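What follows is one structure encoded as structure tokens, with my remarks underneath.
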Amino acid sequence: MPDENYDVIVIGSGPGGLSTAALLQKRGLDCLLIEKNNLLGGKMISIEKDGYAYDLFPHGQVPLRGSAFETVFEELGVTDEFVPAIEADDPRDIITLLYRRGDKQEYKRATQGQAMADPGPFFKLWDLDPSEEEAVVKLMAEMTLMSEEEIHTLDDVTMKEWLDERDVPGPLYNYLGFHANASLAEPIDLVAASEQITIMQQVMLQGGGGQYKGGFGTLAKVMAREFEKLGGTLIKNCRVEKIAIEDGSVTGVVTSEGNFHAPVVVSSAGIQPTILKLCGEDHFDKKYVNYIKGLVPGWAFTSVRYFLDVLRRLMARHAALREGEER
């Protein structure tokens with residue numbers, strides 16, 4: 001039976017929860033990691049079959065060079081197990097892009113390396129005229145050269161709002177719309193400009209869209225192994241029902257496996273479930289609670305959600321028509 005008292009309790013074994021628990025344990029804190037499922041890794045799960053690794057969710061590492069995972073593995077002393085499938089400076093053309101302008105009949109094809117430092121393939125792909133090329137170079141240079149302080153001022157500005165103030169050729173706007181969907185799982189008119197510009201910087205300078213040998217699940221397995229090797233306590237198939245709070249201070253968690261105590265609880269269950277359900281609204285200022293309630297949850301891949309929504313409405317319509325016929 002696990003102990004009841006810890007220095008820190010971490011909820012959720014996704015990449016954030018696993019890395020937090022492993023690093024805190026490495027730094028001398030006694031940590032309890034609680035996962036509601038039997039498999040660890042959150043959405044960073046891979047399975048192996050017939051000698052191949054398959055990720056159960058779409059993944060792409062950004063940046064490839066100097067990623068947070070690399071830093072975590074270095075501190076845990078397992079850099080030899082951090083093995084990207086493709087390096088950022090791989091000389092081969094790794095990425096293939098297809099694009100068709102609205103006024104054209106056929107798709108054009110271009111290939112490029114893992115990083116996007118050279119916009120040449122895009123010019124070829126998009127069939128830009130000289131003035132459009134100049135506008136693309138200007139905008140991509142602006143994003144690349146923005147300082148961290150400048151980017152932070154755009155936290156409350158959507159990417160669409162930021163682009164609306166600039167000369168953006170249609171093909172580049174379409175690409176950034178795709179990028180918002182693929183990299184941030186949000187539509188371009190909702191994603192924060194600061195988030196998308198940060199990722200664009202990383203892709204252009206450090207490479208993006210990478211994978212790891214054995215799949216992303218390998219990273220989760222290594223961090224979980226090191227966490228337990230360092231003395232951390234892991235409980236799987238355990239659902240946190242409540243974060244216990246007394247006199248404004250966290251005291252632990254109430255779970256399906258009993259109560260556990262700690263002065264610090266780190267939740268990677270999502271900010272809305274954590275604040276509104278696990279903690280409870282009464283412990284926070286109403287203004288902050290309203291802010292949390294107003295946050296729009298991730299849309300997953302926007303296009304997938306759109307088509308699934310269309311399918312749902314078609315099925316509902318078909319069911320209503322069928323019900324009318326039966327009557």
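So you can find residues: chains in the structure tokens are A, B, ... in the order shown, residues in each start at 1, and ligands are numbered from 1 in order.
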
Neighbour list for Glu150 (chain A) as a PyMOL selection string, cut-off 12 Å, only C-alpha atoms, skip fewer than 4 positions in-chain: chain A and resi 142-146+154-155+193-194+197-198

Region 120-137 of chain A environment, 8 Å, only C-alpha atoms, sequence neighbours closer than 4 positions dropped, as a ChimeraX atom specification: /A:97-101,108-112,141,167-169,171-172

Selection near Phe57 (chain A), 12 Å with only C-alpha atoms, sequence-local residues under 5 positions removed, as a ChimeraX atom specification: /A:41-47,215-217,300-301

Selection file, C-alpha atoms, as a PDB file, in the first residue's frame:
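Heads up, here's the output in part_35.pdb:
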```
ATOM      1  CA  GLY A  41       1.791   8.948 -21.443  1.00  0.00           C
ATOM      2  CA  GLY A  42      -1.570  10.646 -21.929  1.00  0.00           C
ATOM      3  CA  LYS A  43      -1.782  11.211 -25.687  1.00  0.00           C
ATOM      4  CA  MET A  44       1.904  10.334 -26.029  1.00  0.00           C
ATOM      5  CA  ILE A  45       1.294   6.589 -26.373  1.00  0.00           C
ATOM      6  CA  SER A  46       2.880   4.213 -28.876  1.00  0.00           C
ATOM      7  CA  ILE A  47       2.286   0.526 -29.503  1.00  0.00           C
ATOM      8  CA  GLY A 215       7.584   6.442 -31.270  1.00  0.00           C
ATOM      9  CA  PHE A 216       6.749   9.200 -28.827  1.00  0.00           C
ATOM     10  CA  GLY A 217       5.621   6.551 -26.348  1.00  0.00           C
ATOM     11  CA  ALA A 300      -8.558  18.837 -31.862  1.00  0.00           C
ATOM     12  CA  PHE A 301      -7.832  18.897 -35.598  1.00  0.00           C
TER      13      PHE A 301
END
```

8 Å contact set for Leu234 (chain A), only C-alpha atoms, chain neighbours under 3 positions out, as an MDAnalysis selection string: chainID A and resid 32:35 228

Writing out the chosen residues with N, CA and C atoms as a compact mmCIF listing (two decimals), in the first residue's frame:
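The result, written out as part16.txt:
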```txt
# COMPACT_ATOMS: atom_id res chain seq x y z
N LEU A 32 4.39 11.64 -5.68
CA LEU A 32 3.39 10.64 -6.04
C LEU A 32 2.80 11.05 -7.38
N LEU A 33 2.83 10.14 -8.35
CA LEU A 33 2.25 10.38 -9.67
C LEU A 33 1.02 9.50 -9.82
N ILE A 34 -0.14 10.12 -10.10
CA ILE A 34 -1.40 9.41 -10.19
C ILE A 34 -1.91 9.46 -11.62
N GLU A 35 -2.24 8.30 -12.19
CA GLU A 35 -2.75 8.20 -13.55
C GLU A 35 -4.08 7.43 -13.53
N GLU A 228 10.39 6.09 -11.27
CA GLU A 228 10.31 5.03 -10.28
C GLU A 228 11.70 4.60 -9.81
```

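Between CA of Lys236 (chain A) and CA of Gly210 (chain A) lies a distance of 29.2 Å.
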
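Closest to Gly207 (chain A) among A:Asp3, A:Val10, A:Gly66, A:Leu56 is A:Gly66, based on only C-alpha atoms.
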
DSSP-assigned alpha helix (DSSP H) members of region 73-209 of chain A, reported as a PyMOL selection string: chain A and resi 73-76+120-126+130-145+148-152+159-164+170-184+193-206
